[in-house]
Amino acid sequence: MEELTILEVPDRGTLPGRRFDDSWIRAISALCFVFLLGLIFNSGGAFFEWGTHRDMLRQISVIGILACGMTLVVITAGIDLSVGSILGLNAVLFALLTLHLAWPAIPAAGACLLAGLACGTASGALIARWRMQPFIATLATMVFTRGLAKSISGGEKVSRAVAQPDGSYQYADLPGFFLWLDQKVLGGNIAVVTLVFLACVVVCWLLLSRLRWGRYLYAVGANEEAARLSGVPTGRIKLLAYGMAGAFSAIAGICQAVQEQQGDPEAGAAYELSAIAVVVIGGTSLSGGQGRIGFTLLGTLTIGYLEKILSLNAVSEASRLILTGCIIVAAVLLQRKRC
Amino acid sequence: MLLSMRGICKSFSGVPVLRNVSFDLEPGEVHVLAGENGAGKTTLIKILAGVYDDYQGEIELNGRRVRFPSPHHAAGRGISVIHQEMSLVGTLPVIDNIFLGRELKPRFFPRLFVDRAGQLAKARELCSRLDLDIDLMRPVDEYPLTVKNRIEIAKALAVDAAILIMDEPTGALSTPEVERLYRIIGDLKRRGTAVIYITHRMEEIYRIGDRITVLRDGQRAGTAPVSELSETKLIRWMIGRELGSRFPVRESKPGAERLRLENFSAAKPGTSPGAKRHPVRNVSFSVRAGEVVGLAGLQGSGNSSLLAGLFGAFPRSIHGKVFLDGRPFRVRSPQWSIRHGLAYLPSDRKESGLIQGMTVAENISLASLEKASPWGVLRSRTEAAMARRQVQALSIRLPGIDSEVRQLSGGNQQKVLLAKWIETEPRVFLLDEPTRGVDVGVKHEIYALIRRWVAEGTAVVLITSELQELIGLSDRILVMHRGQVTAELTREEASGESILRAAMGKPWKN
C-alpha cells in the first residue's frame with residue numbers, strides 16, 4: 001500500500017469515525033435477505049400488514065435488550081452466559097414485589113435494576129479481580145442466579161394468585177404498570193416494550209460512541225495489555241461491561257414478567273444463547289475490540305423476522321430450529337472478511 | 001567437514017539481516033557463535049534449522065547440498081535446536097515430550113500406533129546419559145527448570161542429532177548445573193556430535209569453545225580457534241569500529257533531581273520459568289531533569305523489568321522507595337504513573353504498545369483521553385486536533401488520521417507510539433528500545449526527539465541493545481547484570497568494551 005505524506009491535514013472539524021464500511025453492508029444485506037424471504041413467503045399477505053411487524057418487534061424486544069448488554073461484554077472480548085438467568089431472577093423478583101408485596105412499580109423496578117447490577121458486577125469482579133475466564137465466571141453466575149430465582153419463588157410461578165394463611169387463594173389486582181408497559185402506543189402501532197428496547201440501544205450507542213468509557217471498552221477488547229499500559233483502568237471497564245449487562249438483563253426480566261403477568265423462575269432459560277447469536281449475526285466479533293450496537297439492532301431484526309416468517313408459514317418447531325441453525329452459520333460465514 | 005554454509009544472505013522486508021555470511025562445523029567440535037543483539041545470530045540459526053527457507057547462499061551437509069523447507073526436514077537430517085524459550089508442553093508426560101512429533105513407530109500399523117516400549121527403552125538410555133533420574137510418565141511441569149533444561153536436551157538427542165544448536169543454554173542455570181551441562185557437552189563431543197553454542201558470556205566462550213565465529217551487523221567479523229583469540233580482539237570483533245558522527249556532542253545541563261530509586265526491587269510475574277529473566281534486586285540510582293541515563297544489560301539482565309516495574313506494570317512485586325521531584329511516589333498502576341508524569345514506551349510495539357485495529361487518532365489519544373473528554377464525553381474535535389498536531393510534529397506518513405495503525409510501516413507505527421506518550425506531557429520518559437525495527441532515517445528523527453525533550457527538562461531513562469546508540473545518547477550509563485547494577489559509567493568511561501564487560505559480570509576496568 002502506498003503511503004501519502006500529509007503535509008496539510010484537511011480540517012474536517014471532527015473525526016470521521018469509522019466509515020460506513022463493508023460490515024454495515026453485510027449486516028444490512030443479511031436482514032434484507034430475510035426480509036425478502038418474508039415478501040416471498042408472505043402467507044397470504046400477512047407479511048404486508050404492519051401488525052405482523054409490530055408483533056415481531058414486541059416478541060423480539062426482550063432478546064434484543066439482553067443482546068444490548070451482551071454487545072458491551074463481547075466488545076471487551078468477553079462473554080456473558082448469565083443474562084438469561086438474571087432475567088429469570090428479576091422476573092420473579094418483580095412479580096413478587098409488585099403482586100405479592102404490593103410495592104409500587106417504581107421502587108420495585110429500582111430494586112430489580114440494583115439486583116441485576118449486583119449480579120453482573122459479581123461476574124465482572126470474578127473476571128477482573130480474580131482473573132477468571134469470562135465463560136467460567138458467568139457460567140457460575142448463571143447457575144447461582146437461577147438457583148436464587150427458584151429459591152425466592154419457592155420453585156413456583158409467582159402469579160396473581162396469592163396464597164392466604166388459611167390455604168385459599170386470592171387474586172391480586174394487576175397493577176397499572178403492567179398494563180402500561182404491555183400496551184401499544186402511537187395509535188396501537190408499536191409496543192411500549194419495543195420502545196424500551198430502542199431506548200436501551202440508544203443508551204449503548206451513547207456509551208460506545210460518545211463516552212470515554214466506551215472507547216475504553218473497545219481498547220480493552222482489542223489489546224488489554226496495551227490498554228492497561230496506556231492507563232486504561234481495565235478492571236473497572238470490565239466491571240462496567242458486566243454490570244451493564246446485568247442491569248439490561250434486569251430490564252428484560254421486568255418486561256418478561258409484565259408480558260407473562262407472572263414471574264416464572266424458569267424464564268429466560270437459554271436466552272443467553274439467542275442473545276449471543278443475535279450479536280454474532282449482527283457482525284460483532286467474539287474476539288473483541290470491534291462491533292457496534294447498530295449491528296446488534298440489525299441482528300435482532302434479522303432473527304426476529306426469521307422466526308416470524310417461519311411461524312407465519314406454520315413451519316413445525318423441529319424444522320424451525322434446524323433452519324435457524326443453518327441461517328446462523330450462513331450469516332456468520334457471510335460476515336467474515338475475505339482476506 | 002560436517003557442515004558448511006556459504007554466502008548466506010537474508011533480508012526481512014528489504015532490510016538485510018545477513019550479508020554473505022559463511023559458517024562451518026567439524027564433527028565433535030563446539031563452535032561458539034557470538035555477537036551483539038541483532039547481529040544476526042538467531043537468523044543464521046533459523047536458516048540452518050529450516051525456519052526460514054527464503055535465503056540466498058548454499059548449505060552443504062556431509063558434502064551434499066541441502067535446503068530445508070521446514071524445521072521438520074532439518075530435524076530429519078540430524079539438526080536439533082535447544083530453544084532459549086523452552087519448547088516443551090508442560091502438561092504432557094516427559095516421555096511424550098521427548099518424542100513429540102517424531103514418535104517411534106511399531107512394526108504393525110505404524111501410522112496408527114506408537115511404539116511405547118521402544119520409546120521407553122530409548123528414553124531410559126538418554127536419561128542415564130544426561131544424569132536424569134526422573135519418572136518419565138509424570139508431566140514436565142512437575143520438574144524444576146534445571147531438569148526441564150535437560151529434558152529439552154534429551155528431546156534434541158532423541159533424533160540422533162549430528163548437530164546440536166544451543167541458544168544461551170546456561171542463562172538460567174546455577175553453577176553446579178552449568179558444570180553438569182559442560183560434562184554433557186563433553187560427552188557429546190566424544191560421540192562426534194557437533195555443537196553450535198550461542199552465548200554472551202566471556203568465560204563460557206573460553207571454557208568450552210573450540211572455535212568461535214563472531215557476527216556483527218549481519219556480517220562475519222571473523223572466525224578463529226578460541227585458544228588463539230585474545231579477549232581484546234574478540235571484543236573488537238563484536239563491536240567493530242568506533243562511532244561516527246551520528247550523535248553530535250550535546251551540551252548537557254542537568255537540572256534538579258527528578259527521579260530517585262532506593263533499593264528498588266521488582267519481578268515480572270507470570271513469565272514462563274524457562275525464560276531466563278532475573279528479578280530486579282535492590283537497585284538505587286537517580287536521574288536529573290534534562291539528563292539521559294542509559295540502562296545497559298544483556299537480555300534478561302533485568303533492565304527491561306526495571307522500567308516496566310517502575311511504571312507500574314506489575315505493582316504487587318515492587319519493593320523499595322521511589323521519589324519523584326523529591327516527593328515519595330508509590331508505584332500503583334500505569335494509570336497512576338501517567339497521572340504523575342511518567343511515560344513508558346514498551347519494547348514490544350505490536351503486543352503491548354499499540355492497538356493495531358484502532359485508528360491512528362484513537363491510538364494517539366488513548367493515554368491522554370481525559371484531556372479530550374471533559375465529564376467523560378468524547379470531544380472528537382479535540383481528539384482530531386491532538387492527532388493532527390502530532391502527525392505534523394513528528395511528520396508521520398499516513399493516508400489519514402482515521403486509518404488503522406496496522407496499515408502503517410514499522411517506523412511510522414513507532415512514531416504513533418511516541419506521539420501517544422508525548423501527548424501525556426511526561427516529566428520522566430522511560431524508553432525501552434525506542435528504535436527497534438525502524439530504519440536509519442527514523443532512528444535519527446527519534447534521536448532528535450530525545451535531544452529535544454532533554455533540552456526541555458524531561459528526564460529520560462533509555463534502554464537500547466545498540467551499544468553505539470546507548471553511548472551516543474546517554475549522559476551516564478548504568479550497567480545491569482543478573483538483576484543488579486554492576487557499574488555506573490560516565491560519558492568518558494563508557495565504551496563498547498567497558499559496557500560489555502560489566503554486562504557480562506566482569507570488572508569493567510582493567
# chains A, B, ... in the order shown; residues from 1 in each chain; ligands from 1
$ interface_residues --of "chain B" --to "chain A" --cutoff "6 Å" --atoms "only C-alpha atoms" --output "PyMOL selection string"
chain B and resi 334-335+352-353+355+367+376-378+380-381+384+397-399
$ write_last_selection --atoms "C-alpha atoms" --output "JSON list (two decimals), in the first residue's frame"
[["chain", "number", "residue", "atom", "x", "y", "z"],
["B", 334, "PRO", "CA", 0.12, 2.61, 34.81],
["B", 335, "GLN", "CA", -2.83, 4.98, 35.17],
["B", 352, "SER", "CA", 1.93, -4.01, 24.36],
["B", 353, "GLY", "CA", 2.47, -0.71, 22.58],
["B", 355, "ILE", "CA", -3.72, -1.25, 19.44],
["B", 367, "ALA", "CA", -3.15, 7.61, 27.12],
["B", 376, "GLY", "CA", -16.36, 11.68, 30.21],
["B", 377, "VAL", "CA", -17.88, 12.86, 26.95],
["B", 378, "LEU", "CA", -15.56, 12.45, 23.98],
["B", 380, "SER", "CA", -13.88, 14.27, 18.64],
["B", 381, "ARG", "CA", -12.83, 17.73, 17.52],
["B", 384, "ALA", "CA", -8.68, 15.03, 15.93],
["B", 397, "ARG", "CA", 3.41, 9.46, 6.94],
["B", 398, "LEU", "CA", -0.08, 8.06, 6.68],
["B", 399, "PRO", "CA", -3.18, 8.02, 4.49]]
$ select_by_dssp --residues "stretch 19-131 of chain B" --states "helix (DSSP H, G or I)" --output "PyMOL selection string"
chain B and resi 41-48+71-76+94-98+116-129
$ write_last_selection --atoms "C-alpha atoms" --output "PDB file, in the first residue's frame"
ATOM      1  CA  LYS B  41      22.956 -14.978  15.157  1.00  0.00           C
ATOM      2  CA  THR B  42      19.390 -16.126  15.578  1.00  0.00           C
ATOM      3  CA  THR B  43      18.577 -15.605  11.918  1.00  0.00           C
ATOM      4  CA  LEU B  44      21.546 -17.709  10.867  1.00  0.00           C
ATOM      5  CA  ILE B  45      20.482 -20.486  13.217  1.00  0.00           C
ATOM      6  CA  LYS B  46      16.916 -20.343  11.993  1.00  0.00           C
ATOM      7  CA  ILE B  47      18.059 -20.736   8.398  1.00  0.00           C
ATOM      8  CA  LEU B  48      20.070 -23.795   9.384  1.00  0.00           C
ATOM      9  CA  PRO B  71      12.106 -27.400  10.673  1.00  0.00           C
ATOM     10  CA  HIS B  72      10.781 -30.931  10.331  1.00  0.00           C
ATOM     11  CA  HIS B  73      13.092 -31.595   7.390  1.00  0.00           C
ATOM     12  CA  ALA B  74      16.089 -30.157   9.222  1.00  0.00           C
ATOM     13  CA  ALA B  75      15.362 -32.335  12.238  1.00  0.00           C
ATOM     14  CA  GLY B  76      15.118 -35.324   9.938  1.00  0.00           C
ATOM     15  CA  VAL B  94       8.193 -36.377  29.934  1.00  0.00           C
ATOM     16  CA  ILE B  95       8.280 -39.283  27.532  1.00  0.00           C
ATOM     17  CA  ASP B  96       5.681 -37.806  25.197  1.00  0.00           C
ATOM     18  CA  ASN B  97       7.629 -34.570  25.134  1.00  0.00           C
ATOM     19  CA  ILE B  98      10.873 -36.279  24.233  1.00  0.00           C
ATOM     20  CA  ARG B 116       5.759 -47.224  23.521  1.00  0.00           C
ATOM     21  CA  ALA B 117       8.154 -49.947  24.605  1.00  0.00           C
ATOM     22  CA  GLY B 118      10.773 -48.774  22.152  1.00  0.00           C
ATOM     23  CA  GLN B 119      10.331 -45.161  23.222  1.00  0.00           C
ATOM     24  CA  LEU B 120      10.654 -46.101  26.864  1.00  0.00           C
ATOM     25  CA  ALA B 121      13.878 -48.011  26.278  1.00  0.00           C
ATOM     26  CA  LYS B 122      15.399 -45.187  24.293  1.00  0.00           C
ATOM     27  CA  ALA B 123      14.266 -42.511  26.761  1.00  0.00           C
ATOM     28  CA  ARG B 124      15.803 -44.504  29.655  1.00  0.00           C
ATOM     29  CA  GLU B 125      19.093 -44.671  27.814  1.00  0.00           C
ATOM     30  CA  LEU B 126      19.046 -40.932  27.089  1.00  0.00           C
ATOM     31  CA  CYS B 127      18.218 -40.128  30.692  1.00  0.00           C
ATOM     32  CA  SER B 128      21.098 -42.134  32.048  1.00  0.00           C
ATOM     33  CA  ARG B 129      23.439 -40.315  29.681  1.00  0.00           C
TER      34      ARG B 129
END
$ closest_residue --among "B:Glu29, B:Glu404, B:Glu497, B:Glu152" --to "B:Ile212" --atoms "only C-alpha atoms"
B:Glu29
$ closest_residue --among "B:Asp187, B:Glu58, B:Glu103, B:Glu204" --to "B:Ala158" --atoms "only C-alpha atoms"
B:Glu103
$ select_by_dssp --residues "stretch 94-217 of chain A" --states "strand (DSSP E or B)" --output "JSON list (two decimals) with N, CA and C atoms, in the first residue's frame"
[["chain", "number", "residue", "atom", "x", "y", "z"],
["A", 158, "VAL", "N", -44.65, -17.17, 40.17],
["A", 158, "VAL", "CA", -45.22, -16.13, 41.02],
["A", 158, "VAL", "C", -46.29, -15.41, 40.21],
["A", 161, "ALA", "N", -52.27, -15.12, 41.73],
["A", 161, "ALA", "CA", -52.91, -15.90, 42.78],
["A", 161, "ALA", "C", -52.00, -15.93, 44.01],
["A", 162, "VAL", "N", -52.42, -15.20, 45.06],
["A", 162, "VAL", "CA", -51.59, -15.10, 46.26],
["A", 162, "VAL", "C", -52.16, -16.04, 47.31],
["A", 163, "ALA", "N", -51.32, -16.93, 47.84],
["A", 163, "ALA", "CA", -51.79, -17.87, 48.86],
["A", 163, "ALA", "C", -52.09, -17.13, 50.16],
["A", 169, "TYR", "N", -56.75, -19.14, 47.92],
["A", 169, "TYR", "CA", -56.02, -18.21, 47.04],
["A", 169, "TYR", "C", -56.86, -16.97, 46.81],
["A", 170, "GLN", "N", -56.17, -15.86, 46.74],
["A", 170, "GLN", "CA", -56.87, -14.63, 46.44],
["A", 170, "GLN", "C", -56.13, -13.97, 45.27],
["A", 171, "TYR", "N", -56.88, -13.46, 44.31],
["A", 171, "TYR", "CA", -56.24, -12.86, 43.16],
["A", 171, "TYR", "C", -55.90, -11.41, 43.42],
["A", 184, "LYS", "N", -49.88, -0.99, 23.59],
["A", 184, "LYS", "CA", -49.34, -0.48, 22.33],
["A", 184, "LYS", "C", -49.66, 0.99, 22.25],
["A", 185, "VAL", "N", -48.69, 1.77, 21.81],
["A", 185, "VAL", "CA", -48.90, 3.22, 21.76],
["A", 185, "VAL", "C", -48.81, 3.71, 20.32],
["A", 190, "ILE", "N", -47.09, 0.48, 17.95],
["A", 190, "ILE", "CA", -45.82, -0.04, 18.47],
["A", 190, "ILE", "C", -45.98, -0.34, 19.96],
["A", 191, "ALA", "N", -45.34, -1.44, 20.38],
["A", 191, "ALA", "CA", -45.45, -1.84, 21.78],
["A", 191, "ALA", "C", -44.48, -1.03, 22.63],
["A", 211, "LEU", "N", -18.88, 8.36, 24.77],
["A", 211, "LEU", "CA", -18.25, 8.48, 26.08],
["A", 211, "LEU", "C", -16.85, 7.87, 26.09]]
$ residues_around --residues "stretch 445-450 of chain B" --least-positions-apart "2" --cutoff "8 Å" --atoms "only C-alpha atoms" --output "MDAnalysis selection string"
chainID B and resid 434:435 441:443 452:454 460 473
$ residues_around --residues "A:Met142" --least-positions-apart "2" --cutoff "12 Å" --atoms "only C-alpha atoms" --output "number ranges by chain"
A: 80-89, 116, 119-120, 122-123, 134-140, 144-149, 246, 249, 268-272
$ residues_around --residues "B:Ala194" --least-positions-apart "5" --cutoff "6 Å" --atoms "only C-alpha atoms" --output "count of residues only"
4
$ residues_around --residues "stretch 50-61 of chain A" --least-positions-apart "5" --cutoff "7 Å" --atoms "only C-alpha atoms" --output "list in words"
Asn189, Ile190, Ala191, Val193, Thr194, Phe197, Gly304, Tyr305 and Lys308 of chain A
$ closest_residue --among "A:Gln183, A:Arg160, A:Lys150, A:Arg129" --to "A:Cys255" --atoms "only C-alpha atoms"
A:Gln183
$ residues_around --residues "B:Glu362" --least-positions-apart "3" --cutoff "9 Å" --atoms "only C-alpha atoms" --output "mmCIF file with C-alpha atoms, in the first residue's frame"
data_model
loop_
_atom_site.group_PDB
_atom_site.id
_atom_site.type_symbol
_atom_site.label_atom_id
_atom_site.label_comp_id
_atom_site.auth_asym_id
_atom_site.auth_seq_id
_atom_site.Cartn_x
_atom_site.Cartn_y
_atom_site.Cartn_z
ATOM 1 C CA ARG A 215 -13.646 3.962 23.856
ATOM 2 C CA ILE B 355 -3.724 -1.250 19.443
ATOM 3 C CA MET B 358 -7.736 1.107 16.199
ATOM 4 C CA THR B 359 -7.144 4.242 14.203
ATOM 5 C CA SER B 365 -5.218 9.977 22.257
ATOM 6 C CA LEU B 366 -5.530 6.766 24.284
ATOM 7 C CA LEU B 369 -8.055 10.688 26.643
ATOM 8 C CA GLU B 383 -9.124 14.426 19.643
ATOM 9 C CA ALA B 384 -8.681 15.029 15.933
ATOM 10 C CA ALA B 387 -3.793 13.668 16.385
ATOM 11 C CA ILE B 401 -5.659 10.022 10.932
ATOM 12 C CA ASP B 402 -8.621 7.666 10.707
#
